[in-house]
>>> print(open('structure_29.txt').read())   # compact mmCIF, C-alpha atoms
# COMPACT_ATOMS: atom_id res chain seq x y z
CA MET A 107 78.52 104.64 144.79
CA SER A 108 80.44 106.09 141.93
CA LYS A 109 80.88 103.80 138.98
CA THR A 110 83.95 103.46 136.84
CA ILE A 111 83.23 103.27 133.15
CA LYS A 112 85.99 102.39 130.73
CA ILE A 113 85.83 102.63 126.99
CA LEU A 114 88.32 100.39 125.25
CA GLY A 115 89.27 101.35 121.74
CA THR A 116 92.23 102.45 119.67
CA GLY A 117 90.56 105.58 118.39
CA CYS A 118 88.55 104.40 115.41
CA PRO A 119 85.35 106.27 114.47
CA LYS A 120 83.17 103.67 116.20
CA CYS A 121 85.09 104.11 119.46
CA GLN A 122 84.62 107.85 119.30
CA SER A 123 80.90 107.58 118.78
CA MET A 124 80.66 105.16 121.70
CA THR A 125 82.45 107.69 123.90
CA GLY A 126 79.98 110.33 122.76
CA VAL A 127 76.96 108.17 123.60
CA VAL A 128 78.29 107.28 127.06
CA LYS A 129 79.17 110.90 127.89
CA ASP A 130 75.71 112.06 126.85
CA VAL A 131 73.97 109.44 128.96
CA ILE A 132 76.06 110.27 132.03
CA SER A 133 75.49 114.01 131.84
CA GLU A 134 71.82 113.85 130.81
CA ASN A 135 70.93 111.62 133.73
CA ASN A 136 73.28 113.06 136.34
CA ILE A 137 74.89 109.71 136.94
CA ASP A 138 77.80 109.58 139.36
CA ALA A 139 80.47 107.93 137.27
CA THR A 140 83.97 108.47 135.97
CA ILE A 141 84.68 107.82 132.33
CA GLU A 142 88.07 106.60 131.31
CA LYS A 143 89.24 106.07 127.74
CA VAL A 144 91.66 103.21 127.33
CA GLU A 145 93.50 103.67 124.04
CA ASP A 146 96.68 101.74 124.63
CA ILE A 147 96.43 98.42 122.85
CA MET A 148 98.48 96.66 125.52
CA GLU A 149 96.01 97.77 128.18
CA ILE A 150 93.07 96.83 126.00
CA MET A 151 94.37 93.30 125.56
CA LYS A 152 94.33 92.76 129.32
CA TYR A 153 90.56 92.72 129.06
CA ASN A 154 90.69 89.96 126.50
CA VAL A 155 88.37 91.61 124.03
CA MET A 156 88.73 90.91 120.34
CA SER A 157 86.53 93.56 118.86
CA THR A 158 86.58 97.21 119.72
CA PRO A 159 85.01 99.40 120.96
CA ALA A 160 84.20 97.70 124.24
CA LEU A 161 82.37 99.12 127.23
CA VAL A 162 83.56 98.12 130.70
CA VAL A 163 81.41 99.01 133.71
CA ASP A 164 83.06 98.37 137.08
CA ASP A 165 85.50 95.94 135.49
CA VAL A 166 82.79 93.92 133.77
CA ILE A 167 82.79 93.87 129.98
CA THR A 168 79.28 94.71 128.89
CA ILE A 169 79.38 95.54 125.19
CA LYS A 170 81.84 94.50 122.52
CA GLY A 171 82.39 95.55 118.94
CA ARG A 172 79.43 97.84 118.38
CA VAL A 173 78.08 101.23 119.32
CA PRO A 174 75.22 100.88 121.82
CA SER A 175 72.09 102.99 121.97
CA LYS A 176 71.57 105.50 124.76
CA GLU A 177 68.86 103.36 126.37
CA GLU A 178 71.19 100.40 126.48
CA VAL A 179 73.96 102.37 128.15
CA LEU A 180 71.54 103.86 130.64
CA ALA A 181 70.32 100.41 131.68
CA LEU A 182 73.92 99.31 132.21
CA VAL A 183 75.14 102.22 134.29
CA LYS A 184 72.05 102.85 136.41
CA MET B 277 62.87 90.54 89.57
CA PHE B 278 64.04 94.12 89.10
CA ASP B 279 61.58 95.12 86.40
CA TRP B 280 59.68 97.40 88.73
CA ILE B 281 62.84 99.44 89.42
CA GLN B 282 63.40 99.88 85.70
CA ASN B 283 59.77 100.92 85.30
CA SER B 284 60.02 103.44 88.12
CA ALA B 285 63.25 104.85 86.69
CA ASP B 286 61.60 105.12 83.25
CA TRP B 287 58.58 106.81 84.78
CA PHE B 288 60.69 109.31 86.74
CA VAL B 289 63.02 110.25 83.88
CA TYR B 290 60.61 110.24 80.93
CA ASP B 291 57.35 111.31 82.59
CA VAL B 292 58.19 113.36 85.68
CA LEU B 293 61.29 115.10 84.33
CA ASN B 294 59.88 114.92 80.82
CA LEU B 295 63.23 114.10 79.19
CA ASP B 296 63.33 112.54 75.74
CA LYS B 297 64.16 108.90 75.31
CA GLY B 298 67.53 108.44 73.62
CA GLN B 299 68.89 111.74 74.90
CA HIS B 300 72.36 111.30 76.47
CA LEU B 301 71.43 112.92 79.76
CA ALA B 302 68.17 110.98 80.05
CA GLU B 303 69.84 107.64 79.45
CA ALA B 304 72.65 108.37 81.92
CA LEU B 305 70.18 109.50 84.57
CA ASN B 306 67.96 106.49 83.99
CA PHE B 307 70.94 104.15 84.30
CA PHE B 308 72.08 105.91 87.47
CA ILE B 309 68.67 105.74 89.18
CA TYR B 310 68.15 102.12 88.22
CA ASP B 311 71.61 100.99 89.31
CA THR B 312 71.63 102.91 92.59
CA THR B 313 68.19 101.69 93.65
CA LYS B 314 68.90 98.07 92.73
CA ILE B 315 72.27 98.04 94.47
CA LEU B 316 71.02 99.71 97.63
CA ILE B 317 68.20 97.18 97.93
CA LEU B 318 70.60 94.26 97.44
CA LEU B 319 73.06 95.74 99.93
CA PHE B 320 70.30 96.12 102.47
CA VAL B 321 69.20 92.49 102.09
CA VAL B 322 72.71 91.03 102.23
CA ILE B 323 73.87 93.19 105.16
CA PHE B 324 70.73 92.30 107.08
CA LEU B 325 71.09 88.55 106.51
CA MET B 326 74.79 88.65 107.44
CA GLY B 327 73.88 90.66 110.54
CA ILE B 328 71.61 87.85 111.70
CA VAL B 329 74.29 85.20 111.06
CA ASN B 330 76.84 87.33 112.88
CA SER B 331 74.58 87.86 115.86
CA TYR B 332 74.51 84.10 116.40
CA PHE B 333 78.19 83.63 115.53
CA PRO B 334 80.07 86.43 117.26
CA ILE B 335 83.84 86.51 117.01
CA ASP B 336 84.32 84.98 120.46
CA LYS B 337 82.35 81.92 119.43
CA VAL B 338 84.48 81.62 116.29
CA LYS B 339 87.63 81.77 118.36
CA SER B 340 86.52 79.22 120.90
CA TYR B 341 85.37 76.91 118.09
CA LEU B 342 88.71 77.16 116.30
CA SER B 343 90.81 76.70 119.41
CA ARG B 344 88.85 73.76 120.85
CA ASN B 345 88.32 71.61 117.81
CA LYS B 346 90.89 69.50 116.04
CA LEU B 347 89.99 69.83 112.41
CA TYR B 348 92.83 67.98 110.67
CA GLY B 349 93.73 70.70 108.20
CA LEU B 350 90.20 71.92 107.68
CA GLU B 351 90.78 74.69 110.22
CA TYR B 352 92.24 76.93 107.52
CA LEU B 353 89.10 76.62 105.44
CA MET B 354 86.88 77.10 108.49
CA ALA B 355 88.77 80.23 109.56
CA SER B 356 88.45 81.59 106.05
CA LEU B 357 84.70 80.86 105.99
CA PHE B 358 84.24 82.50 109.38
CA GLY B 359 86.02 85.51 107.90
CA VAL B 360 83.20 85.84 105.36
CA VAL B 361 80.44 86.11 107.97
CA THR B 362 82.37 88.35 110.35
CA PRO B 363 82.21 92.04 109.57
CA PHE B 364 85.73 93.40 109.45
CA CYS B 365 86.85 96.64 110.95
CA SER B 366 90.53 97.34 110.44
CA CYS B 367 90.78 98.90 113.90
CA SER B 368 89.85 95.52 115.41
CA SER B 369 92.53 93.63 113.52
CA VAL B 370 95.16 93.89 116.27
CA PRO B 371 92.98 92.77 119.21
CA LEU B 372 91.61 90.04 117.00
CA PHE B 373 95.07 88.85 116.03
CA ILE B 374 96.25 88.67 119.63
CA GLY B 375 93.03 87.08 120.82
CA PHE B 376 93.31 84.31 118.24
CA VAL B 377 96.99 83.58 118.79
CA ARG B 378 96.56 83.64 122.56
CA GLY B 379 93.71 81.16 122.23
CA GLY B 380 96.22 78.71 120.77
CA ILE B 381 95.09 79.15 117.18
CA PRO B 382 98.06 78.68 114.82
CA LEU B 383 99.42 81.76 113.07
CA GLY B 384 98.50 80.46 109.60
CA VAL B 385 94.88 79.90 110.61
CA THR B 386 94.74 83.40 112.08
CA PHE B 387 96.07 84.77 108.79
CA ALA B 388 93.46 82.82 106.82
CA PHE B 389 90.79 84.65 108.82
CA LEU B 390 92.48 88.05 108.53
CA ILE B 391 92.83 87.73 104.75
CA THR B 392 89.30 86.63 103.91
CA SER B 393 87.48 88.92 106.32
CA PRO B 394 88.01 92.22 104.48
CA LEU B 395 88.05 90.54 101.05
CA VAL B 396 84.68 88.82 101.19
CA ASN B 397 82.23 90.72 103.32
CA GLU B 398 78.57 91.65 103.27
CA VAL B 399 79.16 94.93 101.41
CA ALA B 400 81.31 93.34 98.70
CA ILE B 401 78.79 90.52 98.20
CA GLY B 402 75.80 92.88 97.95
CA LEU B 403 77.60 95.05 95.40
CA PHE B 404 78.82 92.08 93.42
CA VAL B 405 75.33 90.63 93.02
CA GLY B 406 74.03 94.01 91.88
CA LEU B 407 76.83 94.76 89.43
CA PHE B 408 77.96 91.40 88.07
CA GLY B 409 75.12 88.97 88.80
CA ILE B 410 74.85 85.87 90.97
CA GLU B 411 77.18 83.61 89.01
CA THR B 412 80.21 85.91 89.14
CA THR B 413 79.48 86.61 92.80
CA ILE B 414 79.66 82.92 93.66
CA ILE B 415 82.95 82.61 91.79
CA TYR B 416 84.31 85.64 93.62
CA VAL B 417 83.27 84.36 97.05
CA ILE B 418 84.73 80.90 96.42
CA SER B 419 88.01 82.30 95.16
CA GLY B 420 88.20 84.74 98.08
CA VAL B 421 87.73 81.89 100.55
CA LEU B 422 90.27 79.70 98.76
CA LEU B 423 92.72 82.60 98.61
CA GLY B 424 92.55 83.03 102.37
CA THR B 425 92.84 79.28 102.93
CA VAL B 426 95.82 78.76 100.62
CA SER B 427 97.66 81.86 101.85
CA GLY B 428 97.07 80.70 105.44
CA VAL B 429 98.53 77.26 104.74
CA ILE B 430 101.58 78.77 103.01
CA LEU B 431 102.18 81.29 105.81
CA GLN B 432 101.95 78.52 108.41
CA GLN B 433 104.62 76.51 106.56
CA LEU B 434 107.01 79.46 106.78
CA LYS B 435 107.10 79.25 110.61
CA LEU B 436 106.80 82.95 111.19
CA GLU B 437 106.34 82.99 114.98
CA ARG B 438 109.90 84.28 115.41
CA PHE B 439 108.98 87.46 113.53
CA LEU B 440 106.32 88.59 115.98
CA THR B 441 107.13 91.70 117.99
CA PRO B 442 108.68 91.14 121.45
CA TRP B 443 105.52 92.42 123.10
CA VAL B 444 103.34 89.73 121.50
CA LYS B 445 105.85 87.02 122.35
CA GLU B 446 105.72 88.14 125.95
CA VAL B 447 101.92 88.15 125.98
CA LEU B 448 101.95 84.64 124.58
CA ALA B 449 104.52 83.38 127.08
CA THR B 450 102.82 84.77 130.16
CA ALA B 451 99.23 84.09 129.26
CA GLN B 452 98.46 80.48 129.77
CA ARG B 453 96.05 79.36 127.13
CA ASP B 454 92.88 80.92 128.30
CA GLN B 455 90.29 78.37 129.12
CA ASP B 456 87.49 79.17 126.81
CA THR B 457 84.44 79.64 128.87
CA PHE B 458 82.45 81.40 126.26
CA ILE B 459 78.84 81.69 127.25
CA ALA B 460 76.55 82.49 124.41
CA GLU B 461 74.14 85.32 125.01
CA LYS B 462 70.73 83.76 125.28
CA GLN B 463 68.55 86.16 123.42
CA THR B 464 65.56 85.56 121.25
CA LEU B 465 65.56 86.72 117.66
CA GLN B 466 63.09 89.38 118.73
CA GLN B 467 65.56 90.82 121.22
CA ARG B 468 68.35 90.68 118.66
CA LEU B 469 66.51 92.28 115.77
CA PRO B 470 66.57 95.91 116.99
CA ILE B 471 70.35 95.68 117.54
CA ILE B 472 70.90 94.06 114.14
CA TRP B 473 68.63 96.65 112.53
CA ASP B 474 70.64 99.49 114.08
CA GLU B 475 73.88 97.98 112.77
CA VAL B 476 72.45 97.59 109.26
CA LEU B 477 71.42 101.24 109.17
CA LYS B 478 74.82 102.35 110.47
CA ILE B 479 76.70 100.32 107.87
CA LEU B 480 74.43 101.54 105.08
CA LYS B 481 74.75 105.14 106.17
CA GLY B 482 78.52 104.80 106.13
CA ILE B 483 78.75 103.40 102.61
CA ILE B 484 75.91 105.12 100.74
CA PRO B 485 78.03 108.17 99.76
CA TYR B 486 80.76 105.90 98.35
CA VAL B 487 78.26 103.79 96.46
CA ILE B 488 76.58 106.81 94.91
CA VAL B 489 79.85 108.49 93.94
CA GLY B 490 81.15 105.16 92.60
CA ILE B 491 78.07 104.60 90.46
CA ALA B 492 78.14 108.20 89.25
CA ILE B 493 81.79 107.91 88.17
CA GLY B 494 80.98 104.56 86.61
CA GLY B 495 78.05 106.12 84.77
CA LEU B 496 80.20 108.95 83.41
CA MET B 497 82.92 106.56 82.27
CA HIS B 498 80.22 104.44 80.70
CA GLY B 499 79.20 107.32 78.50
CA TYR B 500 82.66 108.55 77.51
CA ILE B 501 84.92 105.54 77.17
CA PRO B 502 84.35 103.79 73.87
CA GLU B 503 83.40 100.12 73.85
CA GLY B 504 86.45 97.85 73.95
CA PHE B 505 88.78 100.77 74.73
CA PHE B 506 90.94 98.82 77.17
CA GLU B 507 91.24 95.72 75.07
CA GLN B 508 94.23 97.16 73.25
CA TYR B 509 96.08 97.73 76.54
CA MET B 510 94.92 94.88 78.66
CA ALA B 511 94.28 92.00 76.34
CA LYS B 512 93.67 88.59 77.83
CA ASP B 513 96.91 87.28 76.40
CA ASN B 514 98.97 90.09 77.88
CA LEU B 515 100.91 88.19 80.52
CA PHE B 516 101.81 91.24 82.55
CA ALA B 517 98.34 92.73 82.95
CA VAL B 518 97.40 90.77 86.08
CA PRO B 519 100.58 91.40 88.10
CA ILE B 520 100.64 95.07 87.12
CA ALA B 521 97.00 95.56 88.10
CA THR B 522 97.57 93.81 91.43
CA ILE B 523 100.74 95.64 92.37
CA LEU B 524 99.16 98.97 91.46
CA ALA B 525 96.22 98.12 93.68
CA VAL B 526 98.00 97.22 96.94
CA PRO B 527 98.96 100.75 98.02
CA MET B 528 95.51 102.01 97.05
CA TYR B 529 92.94 102.05 99.76
CA SER B 530 89.26 102.24 99.20
CA ASN B 531 86.40 100.23 100.48
CA ALA B 532 84.65 97.90 98.12
CA SER B 533 81.68 100.22 97.84
CA GLY B 534 83.60 102.92 96.01
CA ILE B 535 85.73 100.78 93.77
CA LEU B 536 83.30 98.11 92.57
CA PRO B 537 81.03 100.23 90.37
CA VAL B 538 84.15 101.54 88.60
CA VAL B 539 85.53 98.03 88.12
CA GLN B 540 82.21 96.98 86.61
CA VAL B 541 82.51 99.63 83.91
CA LEU B 542 86.14 98.67 83.23
CA VAL B 543 84.98 95.10 82.63
CA ALA B 544 82.17 96.27 80.39
CA LYS B 545 84.75 98.20 78.36
CA GLY B 546 87.00 95.26 77.76
CA ILE B 547 89.25 94.60 80.76
CA PRO B 548 89.25 90.86 81.44
CA LEU B 549 87.31 89.94 84.59
CA GLY B 550 90.24 88.12 86.20
CA THR B 551 92.48 91.16 85.85
CA ALA B 552 89.76 93.40 87.26
CA ILE B 553 89.12 91.09 90.21
CA ALA B 554 92.83 90.84 90.98
CA PHE B 555 92.88 94.64 91.06
CA MET B 556 89.80 94.67 93.31
CA MET B 557 91.31 92.17 95.74
CA GLY B 558 94.53 94.15 95.90
CA VAL B 559 92.66 97.32 96.76
CA VAL B 560 90.30 95.83 99.33
CA GLY B 561 92.35 93.02 100.81
CA LEU B 562 95.71 94.68 101.37
CA SER B 563 96.22 98.23 102.41
CA LEU B 564 98.91 100.43 103.92
CA PRO B 565 96.73 101.61 106.85
CA GLU B 566 96.24 97.97 107.79
CA ALA B 567 99.98 97.40 107.61
CA MET B 568 100.55 100.35 109.94
CA LEU B 569 98.17 98.84 112.49
CA LEU B 570 99.73 95.42 112.25
CA LYS B 571 103.15 96.89 113.01
CA LYS B 572 102.24 96.66 116.67
CA VAL B 573 102.15 92.88 116.53
CA MET B 574 104.39 92.01 113.61
CA THR B 575 107.88 93.02 112.62
CA LEU B 576 108.26 94.70 109.25
CA LYS B 577 109.74 91.51 107.89
CA LEU B 578 106.63 89.55 108.82
CA ILE B 579 104.33 92.16 107.31
CA ALA B 580 106.39 92.09 104.11
CA ILE B 581 106.18 88.29 103.92
CA PHE B 582 102.44 88.42 104.64
CA PHE B 583 101.79 90.96 101.90
CA ALA B 584 104.06 89.18 99.44
CA VAL B 585 102.33 85.82 99.88
CA VAL B 586 98.84 87.30 99.58
CA THR B 587 99.83 89.39 96.54
CA LEU B 588 101.23 86.30 94.87
CA CYS B 589 98.04 84.36 95.55
CA ILE B 590 95.94 87.21 94.16
CA ILE B 591 98.00 87.25 90.97
CA ILE B 592 97.62 83.50 90.57
CA SER B 593 93.86 83.67 91.10
CA GLY B 594 93.66 86.51 88.56
CA TYR B 595 95.32 84.28 85.96
CA LEU B 596 93.00 81.42 86.89
CA PHE B 597 89.94 83.64 86.47
CA ASN B 598 91.08 84.80 83.03
CA PHE B 599 91.85 81.25 82.07
CA LEU B 600 88.55 79.78 83.25
CA LEU B 601 86.09 82.50 82.24
>>> encode(input="structure_29.txt", output="structure tokens")
Amino acid sequence: MSKTIKILGTGCPKCQSMTGVVKDVISENNIDATIEKVEDIMEIMKYNVMSTPALVVDDVITIKGRVPSKEEVLALVK
Amino acid sequence: MFDWIQNSADWFVYDVLNLDKGQHLAEALNFFIYDTTKILILLFVVIFLMGIVNSYFPIDKVKSYLSRNKLYGLEYLMASLFGVVTPFCSCSSVPLFIGFVRGGIPLGVTFAFLITSPLVNEVAIGLFVGLFGIETTIIYVISGVLLGTVSGVILQQLKLERFLTPWVKEVLATAQRDQDTFIAEKQTLQQRLPIIWDEVLKILKGIIPYVIVGIAIGGLMHGYIPEGFFEQYMAKDNLFAVPIATILAVPMYSNASGILPVVQVLVAKGIPLGTAIAFMMGVVGLSLPEAMLLKKVMTLKLIAIFFAVVTLCIIISGYLFNFLL
């Protein structure tokens, strides 16, 4: 089943590097997933996170406030 | 404790590069190598220790602690102290603000956190120890924490809720106070260490260029500005020095890593420490980019009041520093 991955962040450098990591992992491992960037602060607040960037996999918040490693992301989206 | 760095710097400059002792270039280079090495080591240690503390006290835990406990006035001080151990990223300030206020934390307490967090952080502390020594660092940390606490109390008294933007008011009205069901991640220190380690390296990588440029500029100024040069302009008894330094600093934006080595030289050349620290706090604590971000949650009037109160407190603490030291 295809997964929905959301990256919450207002566009700071950390959020951009998280997006990069996630995109790399998805394409390198041929994972069936859609990536969505949520940049609107009002949308972000619906997830109740207080530190960005945050990674949301199938509506579950998995990582908050830091840029994860590729291995970490792979374990989460597999 | 740092003798071995001095010895290595001596060895490199006088033996490897074969420069003569007492030569201008040799002394400047020696100073630069010694200072950079010492400061980078201190930064590494402080950032690493703070990373461990932060791993066990993430922001969500701070929030749930502040919103669940009745602290009888101590909550301002606690919020300010939490601000010290939480790394601050200005792009998180809006979600953080809303998260706190939605959790039922009073506006003033939220401000106390928001003021101290950028002002006293792991990078500033590491640099302070390296440049000014332990004693001055402790004074700086204490005054930073008190500054956040006092500003928070004052801002709470002003009853500023009416100046929040309509969007935030709506969020607050519709969201019932979220029941804090914060579950701490149960990880051993061994599982946490690689993540903390990664963070430390990322932070260091981000600030190293600023630190090196800052120390280089400081080193150049050291060589060219005569001893006591500023004393004629910024004497201790000049009443206007502190407010002027602070007001000049607010629109300036630089992280602590770039500005601190320069401030250190200014102090060495005769600017009173209190005036220099007021300038520092103005640069690091209040910035226009931060104001732009906060516009989403606060009306301009509220931002103006916020900045005015903090600026005033910085000026007062500058005078206190000059008076006490």
>>> atom_distance(input="structure_29.txt", atom1="CA of Ser331 in chain B", atom2="CA of Leu318 in chain B")
19.9 Å
>>> residues_around(input="structure_29.txt", residues="Glu178 in chain A", least_positions_apart="2", cutoff="12 Å", atoms="only C-alpha atoms", output="VMD selection string")
(chain A and resid 124 127 to 128 131 161 168 to 169 172 to 176 180 to 184) or (chain B and resid 470 to 471)
>>> interface_residues(input="structure_29.txt", of="chain B", to="chain A", cutoff="6 Å", atoms="all atoms listed in the file", output="number ranges by chain")
B: 368, 371-372, 375
>>> closest_residue(input="structure_29.txt", among="B:Ile535, B:Val385, B:Ala554, B:Val543", to="Leu596 in chain B", atoms="only C-alpha atoms")
B:Ala554
>>> closest_residue(input="structure_29.txt", among="B:Phe308, B:Phe288, B:Phe387, B:Phe373", to="Leu423 in chain B", atoms="all atoms listed in the file")
B:Phe387
>>> closest_residue(input="structure_29.txt", among="A:Glu142, A:Glu134, A:Glu149, A:Asp165", to="Lys112 in chain A", atoms="only C-alpha atoms")
A:Glu142
>>> closest_residue(input="structure_29.txt", among="B:Ser533, B:Leu576, B:Leu295, B:Leu515", to="Pro548 in chain B", atoms="all atoms listed in the file")
B:Leu515
>>> residues_near_point(input="structure_29.txt", point="(88.9, 94.0, 104.5)", cutoff="6 Å", atoms="all atoms listed in the file", output="ChimeraX atom specification")
/B:364,393-395,560-561
>>> atom_distance(input="structure_29.txt", atom1="CA of Val179 in chain A", atom2="CA of Gly482 in chain B")
22.6 Å
>>> residues_around(input="structure_29.txt", residues="range 577-583 of chain B", least_positions_apart="3", cutoff="8 Å", atoms="only C-alpha atoms", output="list in words")
Leu431, Leu436, Phe439, Leu440, Leu562, Ala567, Leu570, Lys571, Met574, Val586 and Thr587 of chain B
>>> atom_distance(input="structure_29.txt", atom1="CA of Leu600 in chain B", atom2="CA of Thr412 in chain B")
11.9 Å
>>> closest_residue(input="structure_29.txt", among="B:Thr413, B:Gln282, B:Thr425, B:Asn514", to="Ile553 in chain B", atoms="only C-alpha atoms")
B:Thr413
>>> closest_residue(input="structure_29.txt", among="B:Pro502, B:Gly546, B:Pro382, B:Gly490", to="Thr312 in chain B", atoms="all atoms listed in the file")
B:Gly490
>>> residues_near_point(input="structure_29.txt", point="(79.1, 95.0, 100.3)", cutoff="8 Å", atoms="only C-alpha atoms", output="PDB file with C-alpha atoms, in the coordinates of the input")
ATOM      1  CA  LEU B 319      73.060  95.740  99.930  1.00  0.00           C
ATOM      2  CA  VAL B 322      72.710  91.030 102.230  1.00  0.00           C
ATOM      3  CA  ILE B 323      73.870  93.190 105.160  1.00  0.00           C
ATOM      4  CA  ASN B 397      82.230  90.720 103.320  1.00  0.00           C
ATOM      5  CA  GLU B 398      78.570  91.650 103.270  1.00  0.00           C
ATOM      6  CA  VAL B 399      79.160  94.930 101.410  1.00  0.00           C
ATOM      7  CA  ALA B 400      81.310  93.340  98.700  1.00  0.00           C
ATOM      8  CA  ILE B 401      78.790  90.520  98.200  1.00  0.00           C
ATOM      9  CA  GLY B 402      75.800  92.880  97.950  1.00  0.00           C
ATOM     10  CA  LEU B 403      77.600  95.050  95.400  1.00  0.00           C
ATOM     11  CA  PHE B 404      78.820  92.080  93.420  1.00  0.00           C
ATOM     12  CA  ALA B 532      84.650  97.900  98.120  1.00  0.00           C
ATOM     13  CA  SER B 533      81.680 100.220  97.840  1.00  0.00           C
TER      14      SER B 533
END
>>> axis_aligned_box(input="structure_29.txt", around="range 298-309 of chain B", padding_each_side="8 Å", output="lines of an AutoDock Vina configuration file")
center_x = 70.1
center_y = 108.5
center_z = 81.4
size_x = 21.1
size_y = 24.8
size_z = 31.6
>>> residues_around(input="structure_29.txt", residues="Ser108 in chain A", least_positions_apart="3", cutoff="10 Å", atoms="only C-alpha atoms", output="mmCIF file with C-alpha atoms, in the coordinates of the input")
data_model
loop_
_atom_site.group_PDB
_atom_site.id
_atom_site.type_symbol
_atom_site.label_atom_id
_atom_site.label_comp_id
_atom_site.auth_asym_id
_atom_site.auth_seq_id
_atom_site.Cartn_x
_atom_site.Cartn_y
_atom_site.Cartn_z
ATOM 1 C CA ILE A 111 83.230 103.270 133.150
ATOM 2 C CA ILE A 137 74.890 109.710 136.940
ATOM 3 C CA ASP A 138 77.800 109.580 139.360
ATOM 4 C CA ALA A 139 80.470 107.930 137.270
ATOM 5 C CA THR A 140 83.970 108.470 135.970
ATOM 6 C CA ASP A 164 83.060 98.370 137.080
#
>>> residues_around(input="structure_29.txt", residues="Pro485 in chain B", least_positions_apart="6", cutoff="12 Å", atoms="all atoms listed in the file", output="list of chain:residue names")
B:Thr312, B:Leu316, B:Ile479, B:Ile491, B:Ala492, B:Asn531, B:Ser533, B:Gly534
